[in-house]
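To keep things clear, I will list the structure first and then write my remarks on it.
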Amino acid sequence: MLGTDDEEVQPLPRPAVAAAPTAKDGPPSRWTSGHVPGEVGLWIFILGDMLVFGLFFGIFIVQRGDGLEEFRAGRETLSTEFGVANTVLLLTGSILVVLGMRAVRENRRRLASQLLLGAMATGTMFAIDKAIEWGEKFGDGLNPGTNDFYTLYFAFTGIHLVHLLIGMVALGVMVRLTRRPTPGEHDQALLESGATFWHLVDLLWLVLFPLFYLVA
Amino acid sequence: MSTLTPSADAPPTGASPPTSVQGSFGLSTRTQIACAWAGIYLIVLVVGGWLVMTRFIPPMGANDSAQQIADHYRDNTDVIRAGLVIGFCGWAGWGALTAVIAVQMNRMHPKRPVLAMIQLISGAGGWIFLSAATIILIVASFRPERSPELTQTLHDLGWIMLFITVPIFSFQALVIGVATLKRDVARQVYPRWFGFLNIWVAILFVPALFLPFFKTGPFSWQGAAVYWLAFVVFFTWILAMWVVIRAAAKEELQEHVEAAAAQA
Amino acid sequence: MQQIVRNSRASVVIWAALVVATLASWWLGIHEGGAPGDGATVGGVAVLVITFVKVWFVGRHFMDIRESTLLLRTIFDAYVVLLCTALCVLYLVTS
């Protein structure tokens with residue numbers, strides 16, 4: 001029933017007595033005028049997730065302080081090439097989604113779906129890359145119980161991987177939407193929400209990568 | 001669940017001001033709002049009793065020795081017992097909150113409230129473990145003079161039970177989130193931001209599942225990603241419920257006032 | 001396709017810059033942040049700052065926060081600045 005924020009549906013006209021004076025009824029505030037990608041509620045989730053990852057980053061640096069030597073040694077066992085490759089993959093996935101969204105806006109839906117499929121391909125390669133990397137670590141006898149560095153490494157990159165997989169599902173839904181012959185009324189908001197989430201996956205990795213592979 | 005239609009003997013609407021919860025068409029609006037307040041009651045009693053009085057904030061570590069755990073129970077026996085009993089009374093509020101969430105979810109799909117049912121069952125199931133964990137800690141405080149290893153075992157059981165049940169609560173939050181974000185509903189009962197908040201809650205409970213593997217660090221039960229995250233998220237979730245339930249109950253009443261006015 | 005790229009030229013340029021910045025932080029990490037035993041280094045802080053500049057660009061240009069409400073822009077900017085500062089301080093204090 002509710003679409004994006006600026007078309008908030010009120011099923012019945014409300015009597016004046018009931019209308020509590022809220023911000024919505026006043027003149028548009030300069031703080032809230034403008035377009036919010038996806039829908040307003042989505043940002044509760046996006047910003048909430050960013051906040052929690054912020055906590056994770058802090059945990060990482062504090063724990064690193066308690067075991068500088070351990071973290072340095074741990075970092076040197078990671079293959080920076082894999083990390084760099086994954087960063088470039090996600091950045092590329094992001095730009096493909098940006099271009100895809102542009103194609104949607106210009107109503108070139110076939111091209112849009114191809115670009116989004118391209119982004120899914122970068123996501124798949126990221127997951128394969130991660131699987132190989134984890135496999136190597138396990139093969140070397142390194143696991144989450146080895147020490148604090150590997151605990152955080154597997155936990156945080158694992159939680160990020162879950163985000164990536166959710167993002168892949170979102171991209172899949174987006175591809176289907178762009179292939180529909182007639183766009184539904186909520187398609188634009190859904191596409192923007194999916195794109196925003198995919199960029200979040202990129203954004204979080206942009207911080208995880210240097211923490212584990214570079215500054216540890 | 002009953003379908004929520006205005007009862008035939010509802011008072012004429014012109015008489016009562018629409019903002020009032022009087023003459024509530026059999027909607028139990030006041031009761032629903034009271035149930036929302038049960039969440040605030042829960043937070044106050046659980047924080048005050050279960051966490052502060054017992055000095056479980058910050059918590060004992062999973063790496064503490066049996067002797068340290070036993071000493072904690074022996075040195076503060078009666079305060080811990082009282083704190084846990086008060087906390088237990090606080091957890092009782094969870095039932096009311098779960099029920100009223102389900103009652104409002106029922107309005108989304110009045111004919112087949114499947115998601116509302118799942119939510120209700122998950123909340124009730126999880127409630128058992130909140131209670132059981134508290135009972136186990138009360139048992140731990142019951143004979144502080146027993147061998148420290150036994151106290152430690154009970155303490156472990158209580159704390160692990162409290163946090164390891166997160167999949168149930170995660171699932172409950174996920175179901176509320178999905179139901180709220182679905183487009184094919186009879187009514188948009190809860191605001192969409194509440195749906196996204198529930199998805200966020202569902203994800204943030206997950207790190208607690210790492211706790212069996214660690215005695216120290218952020219993923220041990222005393223760690224930032226388990227104890228602190230789980231409690232902060234849980235209380236945030238309850239506060240959000242408190243906001244949306246009251247709004248939904250009032251809106252429901254309003255809807256009936258308007259329907260009756262339109263008929264008249 | 002070319003037309004799409006042309007119409008999003010700013011985003012493509014930013015993408016290229018982000019890839020270059022990634023390679024640059026790799027280089028810094030190898031050549032300075034990783035010097036054994038010396039704890040806090042300029043390199044480490046530089047890597048963190050580069051990281052959050054990248055984050056800011058991804059948020060503003062890819063997530064379209066740039067064209068969004070002032071409220072969202074303020075929250076996002078505050079997040080980037082505060083988190084980056086906090087992590088740099090923590091990094092220097094704990095090294």
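Quick note on naming: the chains in the structure tokens go A, B, ... in the order shown, residues restart at 1 in each chain, and ligands are numbered from 1 in order of appearance.
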Notebook entry, point to check: Could you write out as a list in words the residues of chain A within 7 Å of chain C, counting only C-alpha atoms?
Noted result: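 Residues satisfying the distance criterion: Arg30, Trp31, Thr32, Ser33, Gly34, His35, Val36, Pro37, Gly54, Gly58, Ile61, Val62, Gly65, Val88, Leu91, Ile95, Val98, Leu99, Arg102, Ala103, Thr196, His199, Leu203, Leu206, Val207, Pro210, Leu214 and Val215 of chain A.
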Notebook entry, point to check: Given a cut-off of 10 Å, which residues of chain B touch chain A, counting only C-alpha atoms, written out as a VMD selection string?
Noted result: chain B and resid 17 to 20 181 to 189 191 to 201 203 to 204 206 to 207 210 213 to 214 216 to 219 223 to 225 229 251 254 to 255 258 to 259
Note to self: Here is a test: counting only C-alpha atoms, which residue of A:Arg109, A:Gly67, A:Gly93, A:Gly158 is nearest to Leu200 in chain A?
What the structure shows: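 Result for the nearest residue to Leu200 in chain A: A:Gly93.
From CA of Val42 in chain C back to CA of Glu69 in chain A, the distance works out to 18.2 Å.
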Next item on the list: Give the helix (DSSP H, G or I) residues of range 42-253 of chain B, as DSSP finds them on the backbone, and put them as a PyMOL selection string.
Entry: chain B and resi 42-53+66-75+77-91+93-106+114-142+148-164+166-181+192-204+206-213+224-253
Margin query: List the spatial neighbours of Pro113 in chain B as a PyMOL selection string - criterion: any atom at most 12 Å away, only C-alpha atoms, same-chain residues fewer than 5 positions off excluded.
Written below: chain B and resi 1-3+102-108+118-120+175-176+179+185-186
Keeping all heavy atoms for every residue in the selection just given, could you write it to a file as a tab-separated table (two decimals), in the first residue's frame?
```tsv
chain	number	residue	atom	x	y	z
B	1	MET	N	-8.48	-16.81	15.42
B	1	MET	CA	-8.55	-15.38	15.75
B	1	MET	C	-9.84	-14.80	15.18
B	1	MET	O	-10.25	-15.13	14.08
B	1	MET	CB	-7.35	-14.66	15.16
B	1	MET	CG	-6.05	-15.14	15.75
B	1	MET	SD	-4.73	-14.08	15.23
B	1	MET	CE	-3.34	-15.04	15.83
B	2	SER	N	-10.44	-13.94	15.90
B	2	SER	CA	-11.70	-13.37	15.46
B	2	SER	C	-11.45	-12.35	14.37
B	2	SER	O	-10.40	-11.70	14.33
B	2	SER	CB	-12.39	-12.69	16.64
B	2	SER	OG	-11.60	-11.61	17.08
B	3	THR	N	-12.38	-12.23	13.48
B	3	THR	CA	-12.24	-11.15	12.50
B	3	THR	C	-12.64	-9.85	13.18
B	3	THR	O	-13.53	-9.82	14.02
B	3	THR	CB	-13.14	-11.39	11.28
B	3	THR	OG1	-14.43	-11.73	11.75
B	3	THR	CG2	-12.59	-12.51	10.43
B	102	ALA	N	1.19	-10.14	17.14
B	102	ALA	CA	0.47	-11.10	16.30
B	102	ALA	C	-0.95	-10.60	16.00
B	102	ALA	O	-1.42	-10.72	14.87
B	102	ALA	CB	0.41	-12.46	17.00
B	103	VAL	N	-1.60	-10.04	17.00
B	103	VAL	CA	-2.97	-9.56	16.80
B	103	VAL	C	-3.00	-8.50	15.71
B	103	VAL	O	-3.86	-8.51	14.83
B	103	VAL	CB	-3.53	-9.00	18.13
B	103	VAL	CG1	-4.77	-8.17	17.87
B	103	VAL	CG2	-3.86	-10.15	19.06
B	104	GLN	N	-2.01	-7.61	15.73
B	104	GLN	CA	-1.97	-6.58	14.69
B	104	GLN	C	-1.55	-7.17	13.34
B	104	GLN	O	-2.07	-6.75	12.30
B	104	GLN	CB	-1.04	-5.44	15.09
B	104	GLN	CG	-1.65	-4.50	16.13
B	104	GLN	CD	-2.86	-3.75	15.59
B	104	GLN	OE1	-2.96	-3.46	14.40
B	104	GLN	NE2	-3.82	-3.45	16.46
B	105	MET	N	-0.63	-8.12	13.35
B	105	MET	CA	-0.23	-8.77	12.09
B	105	MET	C	-1.42	-9.46	11.45
B	105	MET	O	-1.51	-9.57	10.22
B	105	MET	CB	0.89	-9.78	12.32
B	105	MET	CG	2.25	-9.16	12.50
B	105	MET	SD	3.48	-10.39	12.97
B	105	MET	CE	3.78	-11.21	11.39
B	106	ASN	N	-2.31	-9.95	12.29
B	106	ASN	CA	-3.53	-10.60	11.81
B	106	ASN	C	-4.32	-9.72	10.84
B	106	ASN	O	-4.95	-10.21	9.92
B	106	ASN	CB	-4.38	-10.96	13.03
B	106	ASN	CG	-5.61	-11.76	12.67
B	106	ASN	OD1	-5.55	-12.57	11.76
B	106	ASN	ND2	-6.69	-11.51	13.37
B	107	ARG	N	-4.25	-8.42	11.06
B	107	ARG	CA	-4.99	-7.50	10.19
B	107	ARG	C	-4.41	-7.44	8.78
B	107	ARG	O	-5.08	-7.01	7.86
B	107	ARG	CB	-4.98	-6.08	10.79
B	107	ARG	CG	-5.76	-5.96	12.07
B	107	ARG	CD	-5.52	-4.61	12.70
B	107	ARG	NE	-6.02	-3.51	11.88
B	107	ARG	CZ	-5.41	-2.34	11.75
B	107	ARG	NH1	-4.27	-2.11	12.38
B	107	ARG	NH2	-5.92	-1.40	11.00
B	108	MET	N	-3.16	-7.86	8.63
B	108	MET	CA	-2.56	-7.82	7.29
B	108	MET	C	-3.21	-8.88	6.40
B	108	MET	O	-3.46	-8.64	5.23
B	108	MET	CB	-1.05	-8.07	7.37
B	108	MET	CG	-0.30	-7.08	8.23
B	108	MET	SD	1.40	-7.66	8.41
B	108	MET	CE	2.08	-6.42	9.50
B	118	ILE	N	3.15	-17.82	12.83
B	118	ILE	CA	4.57	-18.19	13.00
B	118	ILE	C	5.21	-17.26	14.03
B	118	ILE	O	5.96	-17.69	14.90
B	118	ILE	CB	5.33	-18.09	11.67
B	118	ILE	CG1	4.71	-19.01	10.63
B	118	ILE	CG2	6.79	-18.45	11.86
B	118	ILE	CD1	5.34	-18.87	9.25
B	119	GLN	N	4.90	-15.99	13.91
B	119	GLN	CA	5.45	-15.00	14.84
B	119	GLN	C	5.06	-15.37	16.27
B	119	GLN	O	5.90	-15.37	17.17
B	119	GLN	CB	4.91	-13.62	14.46
B	119	GLN	CG	5.60	-12.45	15.09
B	119	GLN	CD	5.18	-12.19	16.51
B	119	GLN	OE1	6.01	-11.82	17.33
B	119	GLN	NE2	3.94	-12.42	16.86
B	120	LEU	N	3.80	-15.70	16.46
B	120	LEU	CA	3.30	-16.00	17.80
B	120	LEU	C	4.00	-17.24	18.36
B	120	LEU	O	4.44	-17.25	19.51
B	120	LEU	CB	1.79	-16.24	17.70
B	120	LEU	CG	1.03	-16.36	19.01
B	120	LEU	CD1	1.11	-15.07	19.78
B	120	LEU	CD2	-0.43	-16.71	18.74
B	175	VAL	N	10.14	-12.90	10.23
B	175	VAL	CA	8.74	-13.07	9.83
B	175	VAL	C	7.98	-11.74	9.96
B	175	VAL	O	7.22	-11.36	9.07
B	175	VAL	CB	8.09	-14.18	10.69
B	175	VAL	CG1	6.59	-14.14	10.54
B	175	VAL	CG2	8.64	-15.52	10.27
B	176	ILE	N	8.23	-11.02	11.03
B	176	ILE	CA	7.59	-9.71	11.18
B	176	ILE	C	8.03	-8.80	10.03
B	176	ILE	O	7.23	-8.08	9.43
B	176	ILE	CB	7.93	-9.04	12.54
B	176	ILE	CG1	7.49	-9.93	13.69
B	176	ILE	CG2	7.28	-7.67	12.65
B	176	ILE	CD1	7.92	-9.42	15.06
B	179	ALA	N	6.46	-9.90	6.67
B	179	ALA	CA	5.03	-9.58	6.65
B	179	ALA	C	4.82	-8.08	6.45
B	179	ALA	O	3.92	-7.66	5.73
B	179	ALA	CB	4.39	-10.04	7.95
B	185	VAL	N	-0.97	-7.02	0.94
B	185	VAL	CA	-1.65	-7.14	2.22
B	185	VAL	C	-2.97	-6.36	2.18
B	185	VAL	O	-3.15	-5.45	1.38
B	185	VAL	CB	-0.78	-6.60	3.38
B	185	VAL	CG1	0.36	-7.53	3.66
B	185	VAL	CG2	-0.28	-5.21	3.07
B	186	ALA	N	-3.86	-6.77	3.09
B	186	ALA	CA	-5.12	-6.06	3.19
B	186	ALA	C	-4.89	-4.64	3.71
B	186	ALA	O	-5.54	-3.69	3.31
B	186	ALA	CB	-6.08	-6.82	4.09
```
Next item on the list: Might you pull out every residue within 9 Å of range 40-52 of chain B, with only C-alpha atoms counted and same-chain residues fewer than 2 positions away left off, and present them as a list in words?
Entry: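 My reading of the contact set: Ala36, Trp37, Ala38, Thr54, Arg55, Phe56, Ile57, Pro58, Pro59, Ile80, Ala82, Gly83, Leu84, Val85, Ile86, Gly87, Phe88, Cys89, Gly90, Trp91, Ala92, Gly93, Trp94, Thr134, Phe235, Ile238, Leu239 and Trp242 of chain B.
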Margin query: Neighbouring residues of Leu150 in chain B were defined as those with any atom within 12 Å, considering only C-alpha atoms; residues of the same chain fewer than 2 positions away were excluded. Please report them as a PyMOL selection string.
Written below: chain B and resi 65-67+69-70+73+136-137+139-148+152-157
Checklist line | Atom pair CA of Val169 in chain A / CA of Leu116 in chain A: separation (Å) | finding: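 Between CA of Val169 in chain A and CA of Leu116 in chain A the gap works out to 11.7 Å.
Among the candidates B:Ile101, B:Ile168, B:Leu162, B:Val178, the residue lying nearest to Gly126 in chain B is B:Ile168 (atoms considered: only C-alpha atoms).
With only C-alpha atoms as the atoms that count, the minimum distance from Phe197 in chain A to the choices A:Thr146, A:Ser94, A:Thr178, A:Thr124 is reached by A:Ser94.
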Item checked: Who sits within 10 Å of Leu142 in chain A, only C-alpha atoms, same chain under 5 positions skipped, as number ranges by chain -> A: 74, 77, 134-137, 147, 150-151
Expected file contents, prior selection, N, CA and C atoms, as a short mmCIF file (atom, residue, chain, number, x, y, z; two decimals), in the first residue's frame:
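Below is the file that was written, selection-v8.cif:
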```
data_model
loop_
_atom_site.label_atom_id
_atom_site.label_comp_id
_atom_site.auth_asym_id
_atom_site.auth_seq_id
_atom_site.Cartn_x
_atom_site.Cartn_y
_atom_site.Cartn_z
N GLY A 74 49.60 -12.96 11.16
CA GLY A 74 48.38 -13.41 10.49
C GLY A 74 48.21 -12.73 9.15
N THR A 77 50.10 -14.11 6.29
CA THR A 77 49.67 -15.38 5.68
C THR A 77 48.53 -15.16 4.68
N TRP A 134 39.72 -19.28 1.55
CA TRP A 134 39.41 -19.99 2.80
C TRP A 134 39.92 -21.42 2.74
N GLY A 135 39.74 -22.05 1.57
CA GLY A 135 40.20 -23.43 1.41
C GLY A 135 41.69 -23.54 1.67
N GLU A 136 42.45 -22.58 1.12
CA GLU A 136 43.90 -22.57 1.35
C GLU A 136 44.22 -22.47 2.83
N LYS A 137 43.50 -21.56 3.51
CA LYS A 137 43.77 -21.36 4.93
C LYS A 137 43.48 -22.64 5.71
N ASN A 147 43.87 -18.26 16.29
CA ASN A 147 44.10 -17.16 17.23
C ASN A 147 43.11 -16.03 16.91
N TYR A 150 42.59 -14.88 13.22
CA TYR A 150 41.79 -15.74 12.32
C TYR A 150 40.33 -15.80 12.75
N THR A 151 40.08 -15.68 14.06
CA THR A 151 38.69 -15.61 14.51
C THR A 151 37.99 -14.46 13.81
#
```
